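See below for protein_0.txt, which holds compact mmCIF, C-alpha atoms (C1' of nucleotides).
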```txt
# COMPACT_ATOMS: atom_id res chain seq x y z
CA MET A 700 0.00 0.00 0.00
CA ALA A 701 2.85 2.32 0.74
CA LEU A 702 4.25 2.38 -2.80
CA ALA A 703 0.76 3.31 -4.00
CA HIS A 704 0.80 6.39 -1.81
CA ALA A 705 4.23 7.44 -2.99
CA ILE A 706 3.03 7.16 -6.60
CA LEU A 707 -0.12 9.13 -5.87
CA VAL A 708 1.64 12.08 -4.24
CA THR A 709 3.95 12.18 -7.24
CA LEU A 710 1.03 12.17 -9.69
CA LEU A 711 -0.50 15.00 -7.70
CA ASP A 712 2.36 17.15 -8.95
CA SER A 713 1.85 16.26 -12.62
CA PRO A 714 0.53 13.43 -14.79
CA SER A 715 3.36 11.05 -15.59
CA SER A 716 4.19 7.87 -17.45
CA GLY A 717 5.69 4.87 -15.67
CA TYR A 718 9.03 5.90 -17.06
CA ASP A 719 8.66 9.47 -15.75
CA LEU A 720 7.75 8.11 -12.33
CA ALA A 721 10.77 5.83 -12.30
CA ARG A 722 12.98 8.85 -12.93
CA GLN A 723 11.30 10.87 -10.19
CA PHE A 724 11.85 7.98 -7.82
CA ASP A 725 15.52 8.28 -8.71
CA GLY A 726 15.37 12.02 -8.02
CA ALA A 727 13.35 14.13 -5.62
CA VAL A 728 10.94 11.39 -4.53
CA GLY A 729 14.00 9.26 -3.85
CA PHE A 730 14.67 11.38 -0.73
CA PHE A 731 12.03 9.30 0.99
CA TRP A 732 11.00 6.39 -1.22
CA GLN A 733 12.70 4.13 -3.72
CA ALA A 734 11.12 1.80 -6.23
CA SER A 735 12.24 0.07 -9.40
CA HIS A 736 10.48 0.44 -12.72
CA GLN A 737 9.11 -3.12 -12.43
CA GLN A 738 7.39 -2.29 -9.19
CA ILE A 739 6.04 0.95 -10.59
CA TYR A 740 4.55 -0.57 -13.75
CA ARG A 741 2.85 -3.33 -11.79
CA GLU A 742 1.47 -0.93 -9.22
CA LEU A 743 0.20 1.42 -11.96
CA ALA A 744 -1.70 -1.45 -13.59
CA LYS A 745 -3.26 -2.35 -10.25
CA LEU A 746 -4.18 1.24 -9.41
CA GLU A 747 -5.77 1.77 -12.81
CA ALA A 748 -7.78 -1.45 -12.49
CA SER A 749 -9.28 -0.19 -9.24
CA GLY A 750 -10.07 3.28 -10.56
CA ILE A 751 -7.59 5.20 -8.45
CA ILE A 752 -5.76 6.52 -11.48
CA THR A 753 -6.60 6.80 -15.21
CA SER A 754 -4.35 6.67 -18.23
CA GLU A 755 -4.32 8.39 -21.56
CA THR A 756 -2.12 7.11 -24.38
CA VAL A 757 0.09 9.79 -25.91
CA LEU A 758 1.27 9.03 -29.44
CA GLN A 759 4.81 10.15 -30.21
CA GLU A 760 6.62 10.20 -33.51
CA THR A 761 10.29 9.69 -32.85
CA ARG A 762 9.83 7.96 -29.51
CA PRO A 763 7.74 5.07 -28.22
CA ASN A 764 4.18 6.00 -27.31
CA LYS A 765 3.53 6.44 -23.66
CA LYS A 766 0.70 6.17 -21.18
CA LEU A 767 0.19 9.27 -19.08
CA TYR A 768 -1.35 8.48 -15.74
CA ALA A 769 -3.32 10.92 -13.61
CA ILE A 770 -5.00 10.61 -10.24
CA THR A 771 -8.84 10.35 -10.20
CA ASP A 772 -11.26 11.83 -7.67
CA ARG A 773 -11.47 8.42 -6.06
CA GLY A 774 -7.68 8.41 -5.84
CA THR A 775 -7.60 11.83 -4.24
CA ALA A 776 -10.24 10.74 -1.73
CA MET A 777 -8.25 7.62 -0.87
CA LEU A 778 -5.04 9.60 -0.49
CA THR A 779 -6.74 12.17 1.71
CA GLU A 780 -8.07 9.44 3.94
CA TRP A 781 -4.58 7.98 4.30
CA LEU A 782 -3.15 11.40 5.16
CA HIS A 783 -5.55 11.44 8.09
CA THR A 784 -4.33 8.05 9.36
CA PRO A 785 -1.33 8.26 11.74
CA SER A 786 1.82 6.40 10.67
CA ASP A 787 4.36 4.60 12.82
CA LEU A 788 7.99 5.61 12.76
CA SER A 789 9.55 4.00 9.74
CA PRO A 790 11.74 0.97 10.41
CA ILE A 791 15.49 1.19 9.90
CA LYS A 792 17.40 -1.48 8.02
CA ASP A 793 21.01 -0.66 7.59
CA ASP A 794 23.66 -3.05 6.30
CA LEU A 795 26.56 -0.92 7.47
CA LEU A 796 25.37 -1.06 11.06
CA VAL A 797 24.89 -4.83 10.86
CA LYS A 798 28.48 -5.01 9.67
CA LEU A 799 29.74 -2.86 12.51
CA PHE A 800 27.92 -5.03 15.03
CA GLY A 801 30.03 -7.97 13.86
CA GLY A 802 33.02 -5.81 12.93
CA HIS A 803 35.42 -7.40 15.42
CA LEU A 804 35.52 -10.46 13.12
CA VAL A 805 37.67 -8.66 10.54
CA GLU A 806 40.72 -6.40 10.58
CA PRO A 807 39.82 -2.80 11.48
CA THR A 808 40.95 -1.50 8.09
CA VAL A 809 38.07 -3.31 6.40
CA LEU A 810 35.38 -1.28 8.13
CA LEU A 811 37.48 1.88 8.15
CA GLN A 812 37.58 1.66 4.37
CA GLU A 813 33.85 1.12 4.19
CA LEU A 814 33.19 4.01 6.55
CA ARG A 815 35.30 6.30 4.37
CA GLN A 816 33.35 5.17 1.34
CA HIS A 817 30.04 5.89 3.05
CA ARG A 818 31.23 9.26 4.26
CA LYS A 819 32.08 10.14 0.69
CA GLN A 820 28.67 9.08 -0.60
CA HIS A 821 26.80 10.98 2.09
CA GLN A 822 28.95 14.00 1.35
CA THR A 823 28.05 13.78 -2.34
CA ARG A 824 24.35 13.58 -1.57
CA LEU A 825 24.50 16.46 0.84
CA VAL A 826 26.10 18.67 -1.78
CA GLU A 827 23.40 17.68 -4.29
CA TYR A 828 20.63 18.42 -1.84
CA GLN A 829 22.13 21.77 -0.90
CA ALA A 830 22.38 22.69 -4.57
CA ILE A 831 18.67 21.94 -4.99
CA GLU A 832 17.92 24.03 -1.93
CA GLU A 833 19.78 27.04 -3.31
CA ARG A 834 18.40 26.73 -6.81
CA PHE A 835 14.75 25.97 -6.12
CA PHE A 836 14.11 27.28 -2.63
CA PRO A 837 16.12 30.48 -2.31
CA ASP A 838 13.37 32.35 -0.49
CA VAL A 839 11.47 30.21 1.99
CA GLU A 840 9.16 33.05 2.99
CA ALA A 841 7.87 33.29 -0.57
CA LEU A 842 6.95 29.63 -1.04
CA SER A 843 3.40 28.46 -1.75
CA PRO A 844 2.02 25.99 0.81
CA LYS A 845 2.58 23.13 -1.63
CA ALA A 846 6.20 24.11 -2.23
CA LEU A 847 6.70 24.57 1.49
CA TYR A 848 5.67 20.99 2.23
CA GLN A 849 8.01 19.69 -0.43
CA TYR A 850 10.79 21.91 0.82
CA LEU A 851 10.47 20.23 4.21
CA THR A 852 11.11 16.81 2.69
CA LEU A 853 14.31 18.22 1.21
CA ARG A 854 15.26 19.70 4.59
CA ASN A 855 14.78 16.26 6.09
CA GLY A 856 17.19 14.82 3.54
CA ILE A 857 19.76 17.50 4.36
CA GLN A 858 19.40 16.87 8.08
CA TYR A 859 19.72 13.14 7.50
CA GLU A 860 22.91 13.40 5.48
CA GLN A 861 24.48 15.84 7.91
CA GLY A 862 23.74 13.44 10.76
CA TRP A 863 25.35 10.56 8.91
CA LEU A 864 28.42 12.61 8.09
CA LYS A 865 28.84 13.61 11.70
CA TRP A 866 28.50 10.00 12.81
CA CYS A 867 30.94 8.77 10.15
CA GLU A 868 33.54 11.20 11.48
CA GLU A 869 32.95 10.00 15.01
CA ALA A 870 33.10 6.32 14.02
CA LEU A 871 36.29 6.87 12.02
CA SER A 872 38.11 8.56 14.86
CA THR A 873 36.86 5.96 17.33
CA LEU A 874 38.08 3.04 15.22
CA GLN A 875 41.30 4.53 13.89
CA PRO A 876 43.29 3.66 17.05
CA LEU A 877 42.45 -0.02 16.47
CA ALA A 878 44.28 -0.04 13.13
CA THR A 879 47.94 -0.20 14.18
CA SER A 880 50.70 0.82 11.79
CA ASN A 881 48.91 0.64 8.47
CA ALA A 882 49.38 2.97 5.53
CA GLU A 883 45.95 3.31 4.01
CA GLU A 884 43.79 5.78 2.11
CA MET B 533 20.19 -12.45 2.50
CA ALA B 534 20.26 -9.40 4.67
CA LEU B 535 18.14 -10.85 7.47
CA ALA B 536 20.53 -13.79 7.53
CA HIS B 537 23.45 -11.46 8.25
CA ALA B 538 21.60 -9.68 11.01
CA ILE B 539 20.87 -13.05 12.64
CA LEU B 540 24.47 -14.18 12.28
CA VAL B 541 26.02 -11.12 13.94
CA THR B 542 23.55 -11.58 16.78
CA LEU B 543 24.50 -15.25 17.20
CA LEU B 544 28.13 -14.19 17.27
CA ASP B 545 27.38 -12.55 20.58
CA SER B 546 25.82 -15.65 22.11
CA PRO B 547 23.92 -18.79 21.05
CA SER B 548 20.22 -18.02 21.08
CA SER B 549 16.83 -19.55 20.45
CA GLY B 550 14.42 -18.10 17.91
CA TYR B 551 12.58 -16.52 20.77
CA ASP B 552 15.76 -14.93 22.17
CA LEU B 553 16.57 -13.56 18.74
CA ALA B 554 13.09 -12.09 18.38
CA ARG B 555 13.61 -10.22 21.63
CA GLN B 556 17.02 -8.96 20.60
CA PHE B 557 15.49 -7.71 17.37
CA ASP B 558 13.08 -5.76 19.55
CA GLY B 559 16.00 -4.37 21.54
CA ALA B 560 19.59 -3.56 20.65
CA VAL B 561 19.58 -5.16 17.20
CA GLY B 562 16.42 -3.18 16.50
CA PHE B 563 18.59 -0.04 16.21
CA PHE B 564 19.43 -1.19 12.72
CA TRP B 565 17.26 -4.16 11.77
CA GLN B 566 13.72 -5.31 12.47
CA ALA B 567 12.17 -8.72 11.92
CA SER B 568 9.15 -10.58 13.23
CA HIS B 569 9.39 -13.96 14.92
CA GLN B 570 7.85 -15.65 11.89
CA GLN B 571 10.60 -14.33 9.67
CA ILE B 572 13.23 -15.35 12.17
CA TYR B 573 12.00 -18.93 12.55
CA ARG B 574 11.81 -19.40 8.80
CA GLU B 575 15.27 -17.98 8.26
CA LEU B 576 16.73 -20.13 11.06
CA ALA B 577 15.34 -23.30 9.45
CA LYS B 578 16.88 -22.26 6.13
CA LEU B 579 20.25 -21.39 7.64
CA GLU B 580 20.39 -24.67 9.52
CA ALA B 581 19.51 -26.63 6.38
CA SER B 582 22.49 -25.08 4.60
CA GLY B 583 24.95 -25.66 7.45
CA ILE B 584 25.48 -22.02 8.36
CA ILE B 585 24.18 -22.53 11.87
CA THR B 586 23.57 -25.61 14.09
CA SER B 587 21.02 -26.19 16.80
CA GLU B 588 21.05 -28.04 20.08
CA THR B 589 17.83 -28.81 21.90
CA VAL B 590 17.84 -27.68 25.51
CA LEU B 591 15.36 -29.50 27.75
CA GLN B 592 13.73 -27.33 30.38
CA GLU B 593 11.49 -28.33 33.25
CA THR B 594 9.14 -25.48 33.96
CA ARG B 595 9.34 -23.98 30.50
CA PRO B 596 9.01 -25.28 26.95
CA ASN B 597 12.16 -26.85 25.54
CA LYS B 598 14.11 -24.67 23.23
CA LYS B 599 16.53 -24.94 20.34
CA LEU B 600 19.73 -23.03 20.87
CA TYR B 601 21.30 -21.98 17.61
CA ALA B 602 24.98 -21.23 17.13
CA ILE B 603 27.00 -20.13 14.13
CA THR B 604 29.21 -22.77 12.45
CA ASP B 605 32.67 -22.31 10.92
CA ARG B 606 31.01 -22.17 7.53
CA GLY B 607 28.72 -19.48 8.87
CA THR B 608 31.60 -17.43 10.20
CA ALA B 609 33.41 -17.77 6.88
CA MET B 610 30.32 -16.62 5.01
CA LEU B 611 29.83 -13.68 7.35
CA THR B 612 33.48 -12.67 7.06
CA GLU B 613 33.24 -12.72 3.30
CA TRP B 614 30.18 -10.49 3.44
CA LEU B 615 31.97 -8.07 5.78
CA HIS B 616 34.57 -7.66 3.06
CA THR B 617 31.95 -6.83 0.42
CA PRO B 618 31.10 -3.11 0.22
CA SER B 619 27.45 -2.19 0.81
CA ASP B 620 25.43 0.56 -0.81
CA LEU B 621 23.81 3.25 1.30
CA SER B 622 20.63 1.82 2.68
CA PRO B 623 17.42 2.97 1.03
CA ILE B 624 15.03 5.24 2.89
CA LYS B 625 11.31 4.58 2.97
CA ASP B 626 9.45 6.98 5.11
CA ASP B 627 5.68 7.32 5.26
CA LEU B 628 5.75 10.65 7.06
CA LEU B 629 7.76 12.25 4.26
CA VAL B 630 5.41 10.83 1.62
CA LYS B 631 2.59 12.44 3.56
CA LEU B 632 4.35 15.78 3.71
CA PHE B 633 4.96 15.71 -0.03
CA GLY B 634 1.20 15.60 -0.54
CA GLY B 635 0.44 17.57 2.63
CA HIS B 636 -1.20 20.50 0.85
CA LEU B 637 -4.23 18.24 0.23
CA VAL B 638 -5.33 18.41 3.86
CA GLU B 639 -5.71 21.09 6.54
CA PRO B 640 -2.35 22.01 8.12
CA THR B 641 -3.44 20.78 11.55
CA VAL B 642 -3.50 17.18 10.30
CA LEU B 643 0.21 17.04 9.64
CA LEU B 644 1.05 19.30 12.57
CA GLN B 645 -0.58 16.72 14.83
CA GLU B 646 1.34 13.91 13.19
CA LEU B 647 4.61 15.80 13.45
CA ARG B 648 4.02 16.34 17.18
CA GLN B 649 3.34 12.64 17.58
CA HIS B 650 6.55 11.73 15.77
CA ARG B 651 8.56 14.23 17.77
CA LYS B 652 7.29 12.58 20.93
CA GLN B 653 8.22 9.10 19.74
CA HIS B 654 11.71 10.14 18.66
CA GLN B 655 12.15 11.87 21.99
CA THR B 656 11.21 8.66 23.83
CA ARG B 657 13.67 6.61 21.83
CA LEU B 658 16.44 9.10 22.34
CA VAL B 659 15.98 8.95 26.10
CA GLU B 660 16.08 5.13 25.98
CA TYR B 661 19.23 5.12 23.92
CA GLN B 662 20.93 7.62 26.18
CA ALA B 663 20.02 5.49 29.20
CA ILE B 664 21.71 2.49 27.55
CA GLU B 665 24.73 4.62 26.79
CA GLU B 666 25.13 5.70 30.40
CA ARG B 667 24.49 2.27 31.86
CA PHE B 668 26.52 0.06 29.54
CA PHE B 669 29.11 2.35 28.01
CA PRO B 670 30.14 4.76 30.77
CA ASP B 671 33.83 4.61 29.88
CA VAL B 672 34.48 4.48 26.14
CA GLU B 673 38.25 4.33 26.60
CA ALA B 674 37.92 1.06 28.50
CA LEU B 675 35.82 -0.82 25.94
CA SER B 676 36.99 -4.02 24.24
CA PRO B 677 37.11 -3.82 20.43
CA LYS B 678 33.91 -5.86 20.21
CA ALA B 679 32.07 -3.57 22.62
CA LEU B 680 33.46 -0.55 20.80
CA TYR B 681 31.93 -1.65 17.49
CA GLN B 682 28.59 -2.22 19.15
CA TYR B 683 28.81 1.10 20.93
CA LEU B 684 29.10 2.79 17.55
CA THR B 685 25.80 1.31 16.41
CA LEU B 686 24.20 2.83 19.50
CA ARG B 687 25.86 6.16 18.76
CA ASN B 688 24.37 6.01 15.29
CA GLY B 689 20.92 5.53 16.80
CA ILE B 690 21.45 8.52 19.07
CA GLN B 691 22.63 10.69 16.19
CA TYR B 692 19.66 9.56 14.12
CA GLU B 693 17.09 10.41 16.76
CA GLN B 694 18.68 13.77 17.48
CA GLY B 695 18.56 14.60 13.78
CA TRP B 696 14.88 13.70 13.57
CA LEU B 697 14.05 15.77 16.62
CA LYS B 698 15.83 18.77 15.22
CA TRP B 699 13.99 18.40 11.92
CA CYS B 700 10.61 17.93 13.64
CA GLU B 701 11.14 21.24 15.44
CA GLU B 702 12.02 22.95 12.19
CA ALA B 703 9.05 21.43 10.34
CA LEU B 704 6.65 22.39 13.13
CA SER B 705 7.74 26.00 13.20
CA THR B 706 7.67 26.19 9.40
CA LEU B 707 4.13 24.83 9.18
CA GLN B 708 2.61 26.50 12.20
CA PRO B 709 1.98 29.80 10.36
CA LEU B 710 -0.23 27.89 7.88
CA ALA B 711 -2.65 26.86 10.61
CA THR B 712 -4.70 30.02 11.13
CA SER B 713 -6.75 30.54 14.26
CA ASN B 714 -7.04 26.98 15.52
CA ALA B 715 -6.94 25.85 19.12
CA GLU B 716 -5.09 22.56 19.03
CA GLU B 717 -2.79 20.39 21.12
C1' DT C 1236 29.14 0.28 -33.87
C1' DG C 1237 28.53 0.70 -29.25
C1' DG C 1238 26.32 3.08 -25.45
C1' DT C 1239 22.63 5.75 -23.42
C1' DC C 1240 17.88 7.35 -23.45
C1' DC C 1241 13.04 6.42 -24.11
C1' DA C 1242 9.34 3.20 -23.01
C1' DT C 1243 6.97 -0.98 -21.30
C1' DG C 1244 6.56 -5.12 -19.70
C1' DT C 1245 6.89 -10.75 -17.86
C1' DA C 1246 8.43 -14.33 -14.56
C1' DA C 1247 10.54 -16.40 -10.73
C1' DA C 1248 12.45 -16.13 -6.36
C1' DA C 1249 13.13 -13.96 -2.04
C1' DC C 1250 11.42 -11.45 1.61
C1' DG C 1251 7.84 -9.45 4.73
C1' DT C 1252 3.13 -9.20 6.95
C1' DT C 1253 -0.97 -10.97 8.97
C1' DA C 1254 -3.56 -14.39 10.90
C1' DC C 1255 -3.96 -18.76 13.06
C1' DA C 1256 -2.48 -22.35 16.46
C1' DT C 1257 -0.88 -24.45 20.92
C1' DG C 1258 0.15 -24.83 25.84
C1' DA C 1259 2.41 -24.43 30.45
C1' DT C 1260 3.86 -20.91 33.91
C1' DT C 1261 3.96 -16.84 36.39
C1' DC C 1262 2.38 -12.46 37.98
C1' DC C 1263 -1.41 -9.31 39.45
C1' DG D 274 -9.57 -15.42 36.70
C1' DG D 275 -7.02 -12.91 33.16
C1' DA D 276 -2.92 -11.15 31.07
C1' DA D 277 1.84 -11.54 30.09
C1' DT D 278 5.93 -14.40 29.29
C1' DC D 279 8.20 -18.35 27.33
C1' DA D 280 8.57 -21.09 23.15
C1' DT D 281 7.78 -22.70 18.36
C1' DG D 282 5.68 -23.08 14.43
C1' DT D 283 2.22 -23.21 9.69
C1' DA D 284 -0.34 -20.95 5.89
C1' DA D 285 -1.81 -17.51 2.96
C1' DC D 286 -1.00 -13.50 1.05
C1' DG D 287 1.41 -9.32 -0.41
C1' DT D 288 5.63 -6.81 -1.69
C1' DT D 289 10.29 -6.39 -3.41
C1' DT D 290 14.22 -7.85 -5.99
C1' DT D 291 16.57 -9.85 -9.82
C1' DA D 292 16.85 -11.36 -14.29
C1' DC D 293 15.15 -11.50 -18.84
C1' DA D 294 13.09 -9.29 -23.00
C1' DT D 295 12.28 -5.91 -26.84
C1' DG D 296 13.19 -2.12 -30.02
C1' DG D 297 13.73 2.50 -32.21
C1' DA D 298 16.33 7.12 -31.77
C1' DC D 299 20.29 9.64 -30.97
C1' DC D 300 25.10 10.65 -30.06
C1' DA D 301 30.21 10.06 -30.27
```
What does the file become when written as structure tokens?
Amino acid sequence: MALAHAILVTLLDSPSSGYDLARQFDGAVGFFWQASHQQIYRELAKLEASGIITSETVLQETRPNKKLYAITDRGTAMLTEWLHTPSDLSPIKDDLLVKLFGGHLVEPTVLLQELRQHRKQHQTRLVEYQAIEERFFPDVEALSPKALYQYLTLRNGIQYEQGWLKWCEEALSTLQPLATSNAEE
Amino acid sequence: MALAHAILVTLLDSPSSGYDLARQFDGAVGFFWQASHQQIYRELAKLEASGIITSETVLQETRPNKKLYAITDRGTAMLTEWLHTPSDLSPIKDDLLVKLFGGHLVEPTVLLQELRQHRKQHQTRLVEYQAIEERFFPDVEALSPKALYQYLTLRNGIQYEQGWLKWCEEALSTLQPLATSNAEE
DNA sequence: TGGTCCATGTAAAACGTTACATGATTCC
DNA sequence: GGAATCATGTAACGTTTTACATGGACCA
């Protein structure tokens, strides 16, 4: 059910094909939900069958035709109902932390390397998010309510990446003393 | 495969029954992985069938007998190999952020209420984590390598909850102006 | 001519959730 | 007497992942 909701809030922004949605899930929607194109196409078929979305085929000359999906009134009603239903905190599943929990099994350099790699990736994401913030949300006071809500999801991403970076630094300096006399980087 | 690894690092700590594991997944392991008892029992049967763990039946008088599972050499080898394989950043799936993205559909008070609820829950978790930190890790300098790795997973949880709290505050004060003349709490 | 983008799908396997099922003990 | 804890499972269903499959347009 959760993927359905993520698709619906995306369609609220603009009618999209499955392909468009897949790209949005790789971009801005990806801050808080990920899904592959296979999942998306299947879910779209299911949502259309139950009248939550409708499609319109758009013929194209130089490119394959596409089906543009849009949310129906029934879909909006369903989404609104869900917005009124409280959610639990979302569960965390993190491979890196599982690894750390058993980290004493391997030489310290193994996880130090992985921590450096993660730090780098979080750093990259943070820079991307901050670029989006500057480009699209330069003046928070001037935002429409809709833009304001979406801005907050971006702010969450920024907060999240900053937290990870801070923790990576802490973990690296905590574990570095365990790695005796190694030249790495 | 990921649940398997979470079970294995837990068994590394001490041989456990399915029931024990389920409780650990509700506790310390729950910082970074969640699983229901049904999942755990199924996975244990599978892991035993492939020689990654072994079980020994422990007869008990006043309580039901239990099967204590322990990791085998093959299991340790498999886990070690996985520790050497780099992981991607873990995907985020967060209902609350999906809701915010479509938040303009409902009156501001709806999401303000939900944000307050989430703030409260993150606050509760943070206090729990900090209690564990004080009780079990009072002197970081004195920790064994094994304890040090596990301490870092707790520190990640603390960082995570602090980040969420900070963001909840920001989101609440950003959205509060949208809710005009309402008496809520 | 080899790679990426556009565009949509099928199929199988793995993983996760919900509901059902049992039964003694211990605590309030 | 009722709820919680200990202890283990089955079954059905739903979701996610991984692999396979196709084919034209455009760019270097």
Taken to one decimal, the CA of Leu675 (chain B)-CA of Pro807 (chain A) distance is 15.1 Å
Skipping near chain neighbours, those fewer than 3 positions away, what residues fall within 8 Å of region 778-790 of chain A using all atoms listed in the file, listed as a tab-separated table (two decimals) with C-alpha atoms, keeping the file's coordinate frame?
```tsv
chain	number	residue	atom	x	y	z
A	704	HIS	CA	0.80	6.39	-1.81
A	707	LEU	CA	-0.12	9.13	-5.87
A	774	GLY	CA	-7.68	8.41	-5.84
A	775	THR	CA	-7.60	11.83	-4.24
B	565	TRP	CA	17.26	-4.16	11.77
B	566	GLN	CA	13.72	-5.31	12.47
B	625	LYS	CA	11.31	4.58	2.97
B	626	ASP	CA	9.45	6.98	5.11
B	627	ASP	CA	5.68	7.32	5.26
B	628	LEU	CA	5.75	10.65	7.06
B	631	LYS	CA	2.59	12.44	3.56
B	635	GLY	CA	0.44	17.57	2.63
B	637	LEU	CA	-4.23	18.24	0.23
B	638	VAL	CA	-5.33	18.41	3.86
B	642	VAL	CA	-3.50	17.18	10.30
B	643	LEU	CA	0.21	17.04	9.64
B	646	GLU	CA	1.34	13.91	13.19
B	650	HIS	CA	6.55	11.73	15.77
B	653	GLN	CA	8.22	9.10	19.74
```
Please determine the contact residues of chain B with respect to chain D at a cut-off of 8 Å, counting only C-alpha atoms (C1' of nucleotides), and supply them as a list in words.
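That gives Tyr551, Tyr573, Arg595, Pro596, Asn597 and Lys598 of chain B for chain B.
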Under the rule of at most 10 Å, produce a per-residue listing of chain C near chain A: chain, number, name, the closest pair of atoms, and the distance in Å, as CSV, using only C-alpha atoms (C1' of nucleotides).
```
residue,atom,partner,partner_atom,distance
C:DC1241,C1',A:Arg762,CA,6.5
C:DA1242,C1',A:Pro763,CA,5.8
C:DT1243,C1',A:Tyr740,CA,7.9
C:DG1244,C1',A:Tyr740,CA,7.8
C:DT1245,C1',A:Gln737,CA,9.6
```
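The two atoms in question, CA of Asp605 (chain B) and CA of Thr685 (chain B), are spaced 25.2 Å apart.
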### Task
Could you please select, counting all atoms listed in the file, the residues of chain B within 6 Å of chain A and state them as a list in words?
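Result, ordered by chain then number: Ala538, Val541, Phe564, Trp565, Ser622, Ile624, Lys625, Asp626, Leu629, Val630, Leu632, Phe633, Gly634, His636, Lys678, Tyr681, Gln682 and Thr685 of chain B.
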Interatomic distance between CA of Arg722 (chain A) and CA of Leu758 (chain A)?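 Straight-line distance from CA of Arg722 (chain A) to CA of Leu758 (chain A) works out to 20.2 Å.
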Centre and size of axis-aligned box enclosing region 701-711 of chain B plus 8 Å each side, as JSON:
```
{"center_x": 4.7, "center_y": 25.5, "center_z": 11.7, "size_x": 30.7, "size_y": 24.6, "size_z": 23.6}
```
